[in-house]
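Q: This is input-v2.csv, which holds CSV, C-alpha atoms and all ligand atoms:
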chain,number,residue,atom,x,y,z
A,1,MET,CA,-3.0,15.5,23.8
A,2,ARG,CA,0.4,17.0,23.5
A,3,ILE,CA,3.5,14.9,22.9
A,4,ASP,CA,6.0,16.2,25.4
A,5,ASP,CA,8.7,13.6,25.1
A,6,TYR,CA,11.4,15.2,22.9
A,7,GLU,CA,13.0,11.9,21.9
A,8,LEU,CA,9.7,10.7,20.6
A,9,LEU,CA,9.1,14.0,18.7
A,10,ALA,CA,12.5,13.7,17.1
A,11,ALA,CA,12.0,10.1,16.2
A,12,VAL,CA,8.6,10.8,14.6
A,13,GLN,CA,10.0,13.7,12.6
A,14,ALA,CA,12.9,11.5,11.5
A,15,LEU,CA,10.3,9.3,9.8
A,16,GLY,CA,9.3,12.3,7.7
A,17,VAL,CA,6.1,12.7,9.6
A,18,GLU,CA,5.0,16.3,10.1
A,19,ILE,CA,3.7,17.3,13.6
A,20,GLN,CA,1.1,20.0,13.8
A,21,ARG,CA,0.9,20.9,17.5
A,22,ASP,CA,-2.4,21.5,19.3
A,23,THR,CA,-4.6,21.3,16.2
A,24,SER,CA,-8.3,21.9,16.5
A,25,LEU,CA,-10.4,19.0,15.3
A,26,ALA,CA,-13.3,21.5,14.8
A,27,GLN,CA,-11.2,22.8,11.9
A,28,LEU,CA,-10.7,19.3,10.5
A,29,THR,CA,-14.3,18.1,10.6
A,30,TYR,CA,-17.3,19.2,8.5
A,31,LEU,CA,-19.5,19.4,11.7
A,32,GLY,CA,-17.0,22.0,13.1
A,33,ILE,CA,-17.0,20.3,16.5
A,34,GLY,CA,-14.1,18.8,18.4
A,35,GLY,CA,-11.2,19.5,20.8
A,36,ASN,CA,-7.5,19.9,20.3
A,37,THR,CA,-4.6,17.5,19.9
A,38,ASP,CA,-1.3,16.9,18.1
A,39,LEU,CA,-1.9,16.0,14.4
A,40,LEU,CA,0.7,13.8,12.8
A,41,ARG,CA,0.7,14.1,8.9
A,42,ILE,CA,2.1,11.1,7.2
A,43,ARG,CA,3.8,11.7,3.8
A,44,GLN,CA,4.9,8.1,3.0
A,45,HIS,CA,2.9,5.0,3.6
A,46,GLU,CA,6.1,3.1,4.4
A,47,SER,CA,6.7,5.2,7.5
A,48,ILE,CA,3.4,3.9,9.2
A,49,PRO,CA,4.6,0.7,10.8
A,50,GLY,CA,7.6,2.5,12.3
A,51,LEU,CA,5.4,5.4,13.5
A,52,LEU,CA,2.9,3.1,15.1
A,53,SER,CA,5.4,1.0,16.9
A,54,LEU,CA,6.9,4.3,18.3
A,55,LEU,CA,3.5,5.5,19.5
A,56,ASP,CA,2.9,2.1,21.1
A,57,GLN,CA,6.3,2.0,22.8
A,58,HIS,CA,5.5,5.4,24.3
A,59,ALA,CA,1.9,4.4,25.1
A,60,VAL,CA,0.5,7.3,23.0
A,61,PRO,CA,-3.1,6.5,22.0
A,62,HIS,CA,-4.0,7.5,18.4
A,63,LYS,CA,-6.8,7.6,15.9
A,64,PHE,CA,-6.8,7.9,12.1
A,65,ILE,CA,-8.8,10.7,10.4
A,66,GLY,CA,-9.8,10.8,6.7
A,67,GLY,CA,-11.6,13.9,5.4
A,68,GLY,CA,-13.5,14.5,8.6
A,69,SER,CA,-16.8,14.5,6.8
A,70,ASN,CA,-18.6,11.8,8.8
A,71,LEU,CA,-17.2,12.4,12.2
A,72,LEU,CA,-18.3,13.8,15.5
A,73,VAL,CA,-15.4,14.5,18.0
A,74,LEU,CA,-15.6,15.3,21.7
A,75,ASP,CA,-14.6,18.8,22.9
A,76,GLY,CA,-11.7,19.6,25.1
A,77,ASN,CA,-8.2,18.3,25.3
A,78,LEU,CA,-8.4,15.0,23.4
A,79,PRO,CA,-6.9,11.9,25.0
A,80,PHE,CA,-5.3,10.7,21.7
A,81,VAL,CA,-3.2,12.1,18.9
A,82,VAL,CA,-4.6,12.0,15.4
A,83,LEU,CA,-2.9,10.6,12.3
A,84,GLN,CA,-3.7,11.8,8.8
A,85,LEU,CA,-2.3,10.9,5.4
A,86,ALA,CA,-0.9,13.9,3.4
A,87,LYS,CA,-2.3,13.9,-0.2
A,88,PRO,CA,0.4,13.1,-2.8
A,89,VAL,CA,0.6,15.1,-6.0
A,90,ASP,CA,-0.5,12.3,-8.2
A,91,ASP,CA,-3.4,11.1,-6.1
A,92,VAL,CA,-5.2,9.4,-9.0
A,93,VAL,CA,-3.4,7.6,-11.8
A,94,ILE,CA,-5.4,5.9,-14.7
A,95,GLU,CA,-4.3,2.7,-16.4
A,96,GLY,CA,-6.9,1.4,-18.9
A,97,ASN,CA,-10.1,0.9,-16.9
A,98,ILE,CA,-8.3,0.9,-13.6
A,99,ALA,CA,-7.8,4.0,-11.4
A,100,HIS,CA,-5.1,3.8,-8.8
A,101,VAL,CA,-6.2,6.2,-6.1
A,102,ASP,CA,-4.5,7.3,-2.9
A,103,ALA,CA,-6.6,7.0,0.2
A,104,ALA,CA,-6.1,10.7,0.9
A,105,ALA,CA,-7.6,11.7,-2.5
A,106,ASP,CA,-10.8,13.7,-2.4
A,107,LEU,CA,-13.7,11.5,-3.5
A,108,GLY,CA,-15.4,14.1,-5.7
A,109,HIS,CA,-12.1,14.9,-7.4
A,110,THR,CA,-11.6,11.2,-8.0
A,111,VAL,CA,-15.0,10.9,-9.6
A,112,THR,CA,-14.5,13.9,-12.0
A,113,PHE,CA,-10.9,12.9,-12.8
A,114,CYS,CA,-12.0,9.4,-13.8
A,115,ALA,CA,-14.9,11.0,-15.8
A,116,LYS,CA,-12.5,13.1,-17.8
A,117,HIS,CA,-10.8,9.8,-18.7
A,118,ASN,CA,-14.1,8.4,-19.9
A,119,LEU,CA,-14.4,6.2,-16.8
A,120,GLY,CA,-17.9,6.2,-15.2
A,121,GLY,CA,-20.0,4.3,-12.7
A,122,MET,CA,-19.3,6.5,-9.7
A,123,GLU,CA,-21.6,9.4,-10.7
A,124,GLY,CA,-23.9,8.9,-7.7
A,125,LEU,CA,-20.9,9.5,-5.3
A,126,ILE,CA,-20.2,13.0,-6.7
A,127,GLY,CA,-21.5,15.1,-3.8
A,128,VAL,CA,-20.4,12.8,-1.1
A,129,PRO,CA,-17.7,14.7,0.8
A,130,GLY,CA,-14.5,13.2,2.2
A,131,THR,CA,-11.6,11.1,1.1
A,132,LEU,CA,-11.4,7.9,-0.8
A,133,GLY,CA,-10.1,6.1,2.3
A,134,GLY,CA,-13.0,7.3,4.4
A,135,ALA,CA,-15.5,6.3,1.7
A,136,LEU,CA,-13.9,2.9,1.3
A,137,ARG,CA,-13.8,2.1,5.0
A,138,MET,CA,-17.5,2.5,5.4
A,139,ASN,CA,-18.6,1.7,1.9
A,140,ALA,CA,-20.1,5.2,1.2
A,141,GLY,CA,-23.0,5.3,-1.2
A,142,ALA,CA,-25.6,7.5,-2.7
A,143,TYR,CA,-28.1,7.3,-5.5
A,144,GLY,CA,-27.8,3.5,-6.0
A,145,THR,CA,-23.9,3.5,-6.2
A,146,GLN,CA,-21.6,2.2,-3.5
A,147,ILE,CA,-17.9,2.6,-3.7
A,148,GLY,CA,-17.3,-1.1,-2.8
A,149,SER,CA,-18.8,-2.3,-6.1
A,150,TYR,CA,-15.7,-1.0,-8.0
A,151,VAL,CA,-12.9,-2.0,-5.6
A,152,ARG,CA,-10.4,-4.5,-7.0
A,153,GLU,CA,-7.6,-4.1,-4.6
A,154,VAL,CA,-6.9,-2.2,-1.3
A,155,LYS,CA,-3.5,-1.4,0.2
A,156,LEU,CA,-3.9,-1.0,3.9
A,157,TYR,CA,-2.0,-0.9,7.2
A,158,ARG,CA,-3.3,-3.8,9.4
A,159,ALA,CA,-2.8,-2.7,13.0
A,160,ALA,CA,-3.3,-6.3,14.3
A,161,ALA,CA,-0.4,-7.6,12.1
A,162,ARG,CA,1.5,-4.3,12.2
A,163,THR,CA,2.2,-4.6,8.5
A,164,ILE,CA,1.1,-3.0,5.2
A,165,GLU,CA,-0.9,-5.6,3.2
A,166,ILE,CA,-2.7,-5.8,-0.1
A,167,LEU,CA,-6.2,-7.3,-0.2
A,168,LYS,CA,-8.1,-8.3,-3.3
A,169,GLY,CA,-11.6,-7.1,-3.7
A,170,ASP,CA,-13.1,-10.5,-3.1
A,171,GLN,CA,-11.3,-10.7,0.3
A,172,ILE,CA,-13.3,-7.8,1.5
A,173,SER,CA,-17.0,-7.7,2.2
A,174,PHE,CA,-18.9,-4.5,1.4
A,175,GLU,CA,-22.4,-4.1,2.9
A,176,TYR,CA,-24.7,-1.1,3.4
A,177,ARG,CA,-22.4,1.4,5.1
A,178,HIS,CA,-20.3,-1.4,6.5
A,179,THR,CA,-17.1,-3.3,5.5
A,180,SER,CA,-15.1,-6.2,6.8
A,181,PHE,CA,-12.1,-4.0,7.6
A,182,ALA,CA,-11.0,-4.0,11.3
A,183,PRO,CA,-11.7,-0.7,13.1
A,184,ASP,CA,-8.0,0.0,13.4
A,185,ASP,CA,-7.1,-0.8,9.8
A,186,MET,CA,-5.9,2.2,7.9
A,187,MET,CA,-6.7,2.6,4.3
A,188,LEU,CA,-3.7,3.6,2.2
A,189,ALA,CA,-4.6,3.2,-1.5
A,190,VAL,CA,-7.1,1.5,-3.7
A,191,LYS,CA,-7.5,0.2,-7.3
A,192,VAL,CA,-11.0,0.6,-8.7
A,193,GLU,CA,-12.1,-0.8,-12.0
A,194,LEU,CA,-14.6,1.4,-13.8
A,195,PRO,CA,-16.7,0.9,-16.9
A,196,SER,CA,-15.8,3.0,-20.0
A,197,LYS,CA,-18.4,5.7,-20.7
A,198,PRO,CA,-18.1,8.9,-22.8
A,199,TYR,CA,-17.4,12.0,-20.6
A,200,PRO,CA,-20.5,13.9,-21.7
A,201,GLU,CA,-22.7,11.0,-20.6
A,202,ILE,CA,-21.0,10.8,-17.2
A,203,LEU,CA,-21.3,14.6,-16.8
A,204,GLN,CA,-25.1,14.3,-17.4
A,205,GLY,CA,-25.3,11.7,-14.7
A,206,ILE,CA,-23.3,13.9,-12.4
A,207,ARG,CA,-25.5,16.9,-13.0
A,208,ILE,CA,-28.6,14.9,-12.2
A,209,CYS,CA,-27.2,13.6,-8.9
A,210,ASN,CA,-26.0,17.1,-8.0
A,211,GLU,CA,-29.5,18.5,-8.6
A,212,LYS,CA,-31.2,15.8,-6.5
A,213,ARG,CA,-28.8,16.4,-3.7
A,214,ARG,CA,-29.2,20.2,-3.9
A,215,SER,CA,-33.0,19.9,-3.7
A,216,SER,CA,-33.1,17.5,-0.7
A,217,GLN,CA,-30.0,18.1,1.5
A,218,PRO,CA,-28.7,21.1,3.4
A,219,LEU,CA,-25.5,21.7,1.5
A,220,GLY,CA,-23.2,24.5,2.7
A,221,GLN,CA,-24.2,24.0,6.3
A,222,LYS,CA,-22.0,22.3,8.9
A,223,SER,CA,-23.1,18.7,9.1
A,224,ALA,CA,-21.8,15.1,9.0
A,225,GLY,CA,-24.4,14.0,6.4
A,226,CYS,CA,-26.9,11.5,7.6
A,227,ILE,CA,-26.6,10.9,11.3
A,228,PHE,CA,-28.4,7.5,11.4
A,229,LYS,CA,-28.3,4.5,9.0
A,230,ASN,CA,-31.5,3.7,7.4
A,231,PRO,CA,-33.1,0.7,9.0
A,232,PRO,CA,-33.9,-2.2,6.6
A,233,GLY,CA,-36.8,-1.1,4.3
A,234,ALA,CA,-37.2,2.3,5.9
A,235,SER,CA,-35.9,5.8,5.9
A,236,ALA,CA,-34.5,7.4,9.1
A,237,GLY,CA,-35.0,10.9,7.6
A,238,ARG,CA,-38.7,10.2,6.9
A,239,MET,CA,-39.3,8.8,10.3
A,240,ILE,CA,-37.8,11.8,12.1
A,241,ASP,CA,-39.7,14.1,9.7
A,242,GLU,CA,-43.0,12.3,10.5
A,243,LEU,CA,-42.4,13.1,14.2
A,244,SER,CA,-42.2,16.8,13.2
A,245,LEU,CA,-38.6,17.0,14.6
A,246,LYS,CA,-37.2,19.3,11.8
A,247,GLY,CA,-35.8,22.3,13.6
A,248,PHE,CA,-35.7,20.4,17.0
A,249,SER,CA,-32.5,21.5,18.7
A,250,VAL,CA,-30.2,21.2,21.7
A,251,GLY,CA,-28.1,24.4,22.0
A,252,ASP,CA,-26.8,25.1,18.5
A,253,ALA,CA,-27.2,21.4,17.4
A,254,ARG,CA,-30.3,21.3,15.2
A,255,VAL,CA,-32.2,18.8,13.0
A,256,SER,CA,-32.0,20.3,9.5
A,257,ASP,CA,-35.2,21.9,8.1
A,258,ARG,CA,-34.3,20.4,4.7
A,259,HIS,CA,-33.5,16.8,5.5
A,260,ALA,CA,-34.4,15.4,8.9
A,261,ASN,CA,-31.5,12.9,9.1
A,262,PHE,CA,-29.0,15.7,8.8
A,263,PHE,CA,-28.1,17.4,12.1
A,264,ILE,CA,-26.5,20.8,11.7
A,265,ASN,CA,-24.1,22.8,13.8
A,266,ALA,CA,-26.0,26.1,13.5
A,267,GLY,CA,-23.4,28.2,15.4
A,268,ARG,CA,-21.3,27.0,18.3
A,269,ALA,CA,-22.7,23.6,19.0
A,270,SER,CA,-20.7,21.6,21.5
A,271,SER,CA,-20.1,17.9,21.2
A,272,SER,CA,-22.5,17.3,24.2
A,273,ASP,CA,-25.2,19.4,22.4
A,274,MET,CA,-24.9,17.1,19.4
A,275,LEU,CA,-24.7,13.9,21.4
A,276,ALA,CA,-27.8,15.0,23.4
A,277,LEU,CA,-29.7,15.8,20.1
A,278,ILE,CA,-28.7,12.4,18.7
A,279,ALA,CA,-29.8,10.6,21.9
A,280,GLY,CA,-33.1,12.6,22.0
A,281,VAL,CA,-34.1,11.9,18.4
A,282,ARG,CA,-33.1,8.2,18.7
A,283,GLU,CA,-35.3,7.9,21.8
A,284,ARG,CA,-38.3,9.6,20.2
A,285,VAL,CA,-38.1,7.3,17.1
A,286,ARG,CA,-37.8,4.2,19.4
A,287,VAL,CA,-40.9,5.2,21.3
A,288,ALA,CA,-42.9,6.1,18.2
A,289,PHE,CA,-41.8,3.3,15.8
A,290,GLY,CA,-40.2,0.7,18.0
A,291,VAL,CA,-37.0,1.0,16.0
A,292,THR,CA,-33.6,1.8,17.5
A,293,LEU,CA,-31.6,3.8,14.9
A,294,GLU,CA,-28.0,3.0,14.5
A,295,ASN,CA,-25.4,5.7,14.1
A,296,GLU,CA,-24.1,6.3,10.6
A,297,VAL,CA,-21.8,9.1,11.8
A,298,VAL,CA,-18.6,8.0,13.5
A,299,ILE,CA,-18.3,9.3,17.1
A,300,TRP,CA,-14.9,9.7,18.8
A,301,ASN,CA,-15.9,9.9,22.4
A,302,ALA,CA,-13.1,8.1,24.1
A,401,LIG,N1,-37.7,12.1,3.5
A,401,LIG,C1,-38.6,12.8,4.2
A,401,LIG,N2,-38.2,13.8,5.0
A,401,LIG,C2,-36.9,14.1,5.2
A,401,LIG,C3,-35.9,13.4,4.5
A,401,LIG,C4,-36.4,12.3,3.6
A,401,LIG,O1,-39.8,12.5,4.1
A,401,LIG,O2,-36.6,15.0,5.9
A,401,LIG,C5,-38.2,11.0,2.6
A,401,LIG,C6,-37.8,11.4,1.1
A,401,LIG,O3,-38.8,12.2,0.6
A,401,LIG,C7,-37.7,10.1,0.5
A,401,LIG,C8,-37.2,9.2,1.6
A,401,LIG,O4,-37.4,9.9,2.8
A,401,LIG,O5,-39.0,9.6,0.1
A,401,LIG,C9,-35.7,8.9,1.4
A,401,LIG,O6,-35.0,10.1,1.4
A,401,LIG,P1,-33.7,10.4,0.6
A,401,LIG,O7,-33.9,10.1,-0.8
A,401,LIG,O8,-33.2,11.8,0.9
A,401,LIG,O9,-32.6,9.4,1.0
A,401,LIG,P2,-32.2,8.9,2.5
A,401,LIG,O10,-32.6,7.5,2.6
A,401,LIG,O11,-32.7,9.9,3.5
A,401,LIG,C10,-29.9,8.1,1.7
A,401,LIG,C11,-28.5,8.1,2.2
A,401,LIG,C12,-27.8,9.4,1.9
A,401,LIG,C13,-27.8,9.6,0.4
A,401,LIG,C14,-29.2,9.5,-0.2
A,401,LIG,C15,-29.3,9.6,-1.7
A,401,LIG,C16,-28.4,6.9,4.3
A,401,LIG,C17,-28.5,7.0,5.8
A,401,LIG,N3,-28.6,8.0,3.7
A,401,LIG,O12,-30.6,9.1,2.3
A,401,LIG,O13,-26.5,9.4,2.4
A,401,LIG,O14,-27.2,10.8,0.0
A,401,LIG,O15,-29.8,8.3,0.3
A,401,LIG,O16,-28.9,8.3,-2.2
A,401,LIG,O17,-28.2,5.8,3.8
A,401,LIG,C18,-25.0,9.8,4.1
A,401,LIG,O18,-24.6,8.7,4.0
A,401,LIG,O19,-24.5,10.6,5.0
A,401,LIG,C19,-26.0,10.3,3.3
A,401,LIG,C20,-26.5,11.5,3.3
Would you encode the structure as structure tokens?
A:
Amino acid sequence: MRIDDYELLAAVQALGVEIQRDTSLAQLTYLGIGGNTDLLRIRQHESIPGLLSLLDQHAVPHKFIGGGSNLLVLDGNLPFVVLQLAKPVDDVVIEGNIAHVDAAADLGHTVTFCAKHNLGGMEGLIGVPGTLGGALRMNAGAYGTQIGSYVREVKLYRAAARTIEILKGDQISFEYRHTSFAPDDMMLAVKVELPSKPYPEILQGIRICNEKRRSSQPLGQKSAGCIFKNPPGASAGRMIDELSLKGFSVGDARVSDRHANFFINAGRASSSDMLALIAGVRERVRVAFGVTLENEVVIWNA
């Protein structure tokens, strides 16, 4: 979608929001799939209520993107603009056992920055790609650690109330890859409280997790991590593997040979290739195991 109304463009820019015209979402997502639209980069949280009321007044549909690491976007001219927070210089600030982290901060950078200040706990999250905001919204987790366990406070834009609010950790519920945030809430910043641990000890934990990940996941290939959530008490990856679906493909969308719950863009996969692969694998698992797998990946198909 291209914003053509010059008054609107000028008003958006007057809020300090940078407009990147006709941006390819394939460049902004780890899967490397997605069409084009105008990207609005927000430099100051305080401009968000004004920006969103402008977009509403002009009936411009919008979506928020974090790091693009868990996202499948449709091809073509997208019917919405995309909003993204620009990363501030001081994206992580430490105060005792509390880290104040901007939602645009890279999750891996946050884990290592805190580690260098002898704050641990998040070692398991080290190889999880994406921003802190994205991780928070879906309660990202790995190797027994979930980000939600450390959250003490979240600053967010609540679209329903059209205001920026602060929620305490106990006002938010964090479950397996699910939170109580509304779908249109926009994460802005978070306070996490982390246990003190000597840096070398944290580094050791980080190395172990990196090694486990390297040996079991297709790093360095275009993917959105696990495509499906694990059903209670089972592993989606193991089920898909048991059906010998590693390497199964639709066009250039392919089930990874290394981890069957990772689907790879092996070249120039289209969004419909990837959607057909997801639907095909889901159906085979349903027929074989009687389980309908739920998406873990976020899909923007409208
Ligand atoms: N397995 C297979 N074949 C496969 C993949 C896995 O047999 O192709 C078996 C493994 O051998 C193991 C079991 O399935 O016995 C579980 O596999 P793994 O330890 O790789 O964990 P997972 O349940 O597949 C989850 C998360 C990952 C996270 C890892 C490590 C989900 C959907 N996935 O994977 O998160 O990195 O544990 O903690 O919860 C993600 O969220 O995108 C993601 C990759």
Q: Counting all atoms listed in the file, note down every residue that has an atom within 6 Å of the point (-26.4, 24.8, 16.7) (file coordinates), as a ChimeraX atom specification.
A: /A:251-254,265-269
Q: Just the number, please: distance in Å from atom CA of Leu125 of chain A to atom O13 of ligand LIG 401 (chain A), one decimal.
A: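 Between atom CA of Leu125 of chain A and atom O13 of ligand LIG 401 (chain A) the gap is 9.5 Å.
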Q: Measuring between only C-alpha atoms, which one of A:Leu55, A:Ala260, A:Gly35, A:Gly76 shows the shortest distance to Val12 of chain A?
A: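 Among A:Leu55, A:Ala260, A:Gly35, A:Gly76, it is A:Leu55 that comes nearest to Val12 of chain A.
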Q: Please define a box with edges along x, y and z of the file around all atoms of segment 143-149 of chain A given in the file, extend it by 4 Å on each side, and return its centre and edge lengths in Å to one decimal, as AutoDock Vina command-line options.
A:
--center_x -22.7 --center_y 2.5 --center_z -4.5 --size_x 18.8 --size_y 17.6 --size_z 11.4
Q: In terms of the shortest atom-to-atom distance over all atoms listed in the file, which of A:Ser271, A:Ser235, A:Gln171, A:Gln146 is closest to ligand LIG 401 (chain A)?
A: A:Ser235
Q: Tell me, in Å to one decimal, how far atom CA of Gln13 of chain A is from atom CA of Gly67 of chain A.
A: 22.8 Å
Q: Dump the neighbourhood of ligand LIG 401 (chain A) as a PyMOL selection string: all residues within 7 Å, distances computed on all atoms listed in the file.
A: chain A and resi 140-144+213+216+224-230+235-238+241+258-261+296
Q: Those same residues - C-alpha atoms - I'd like them written as a PDB file, keeping the file's coordinate frame.
A:
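Output saved as out31.pdb:
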ATOM      1  CA  ALA A 140     -20.100   5.200   1.200  1.00  0.00           C
ATOM      2  CA  GLY A 141     -23.000   5.300  -1.200  1.00  0.00           C
ATOM      3  CA  ALA A 142     -25.600   7.500  -2.700  1.00  0.00           C
ATOM      4  CA  TYR A 143     -28.100   7.300  -5.500  1.00  0.00           C
ATOM      5  CA  GLY A 144     -27.800   3.500  -6.000  1.00  0.00           C
ATOM      6  CA  ARG A 213     -28.800  16.400  -3.700  1.00  0.00           C
ATOM      7  CA  SER A 216     -33.100  17.500  -0.700  1.00  0.00           C
ATOM      8  CA  ALA A 224     -21.800  15.100   9.000  1.00  0.00           C
ATOM      9  CA  GLY A 225     -24.400  14.000   6.400  1.00  0.00           C
ATOM     10  CA  CYS A 226     -26.900  11.500   7.600  1.00  0.00           C
ATOM     11  CA  ILE A 227     -26.600  10.900  11.300  1.00  0.00           C
ATOM     12  CA  PHE A 228     -28.400   7.500  11.400  1.00  0.00           C
ATOM     13  CA  LYS A 229     -28.300   4.500   9.000  1.00  0.00           C
ATOM     14  CA  ASN A 230     -31.500   3.700   7.400  1.00  0.00           C
ATOM     15  CA  SER A 235     -35.900   5.800   5.900  1.00  0.00           C
ATOM     16  CA  ALA A 236     -34.500   7.400   9.100  1.00  0.00           C
ATOM     17  CA  GLY A 237     -35.000  10.900   7.600  1.00  0.00           C
ATOM     18  CA  ARG A 238     -38.700  10.200   6.900  1.00  0.00           C
ATOM     19  CA  ASP A 241     -39.700  14.100   9.700  1.00  0.00           C
ATOM     20  CA  ARG A 258     -34.300  20.400   4.700  1.00  0.00           C
ATOM     21  CA  HIS A 259     -33.500  16.800   5.500  1.00  0.00           C
ATOM     22  CA  ALA A 260     -34.400  15.400   8.900  1.00  0.00           C
ATOM     23  CA  ASN A 261     -31.500  12.900   9.100  1.00  0.00           C
ATOM     24  CA  GLU A 296     -24.100   6.300  10.600  1.00  0.00           C
TER      25      GLU A 296
END
Q: Looking at A:Ile164, A:Val190, A:Val151, A:Val250, which one is nearest to Gln44 of chain A, with distances taken over all atoms listed in the file?
A: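 Of A:Ile164, A:Val190, A:Val151, A:Val250, the one nearest Gln44 of chain A is A:Ile164, counting all atoms listed in the file.
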Q: Contacts of Ile278 of chain A at 9 Å or less, counting all atoms listed in the file, minus same-chain residues fewer than 4 places along, as a PyMOL selection string?
A: chain A and resi 227-228+263+273-274+282-283+295
Q: What is the atom CA of Asp4 of chain A to atom CA of Leu25 of chain A distance in Å?
A: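 Spanning atom CA of Asp4 of chain A to atom CA of Leu25 of chain A is a straight-line distance of 19.5 Å.
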Q: Pick from A:Gly96, A:Gly134, A:Gly233, A:Gly247: nearest to Ser196 of chain A, with all atoms listed in the file counted?
A: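 Comparing A:Gly96, A:Gly134, A:Gly233, A:Gly247 against Ser196 of chain A, the winner is A:Gly96.
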Q: Let me make sure I understand: among A:Leu78, A:Ile264, A:Ala105, A:Ile202, which one has the smallest atom-to-atom distance to Pro218 of chain A if we use all atoms listed in the file?
A: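 So, comparing all the options, the nearest one is A:Ile264.
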Q: Of the candidates A:Gly32, A:Pro61, A:Gly124, A:Pro183, which shows the shortest atom-to-atom distance to Arg207 of chain A, using all atoms listed in the file?
A: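 Closest candidate: A:Gly124.
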Q: As a VMD selection string, please: the residues near Ile299 of chain A (cut-off 9 Å, only C-alpha atoms, same-chain neighbours under 3 positions excluded).
A: chain A and resid 70 to 74 275 295 302
Q: Show me as a PyMOL selection string the residues that reach within 6 Å of (-20.3, 14.8, -10.1), counting all atoms listed in the file and using the file's own coordinates.
A: chain A and resi 123+126+206
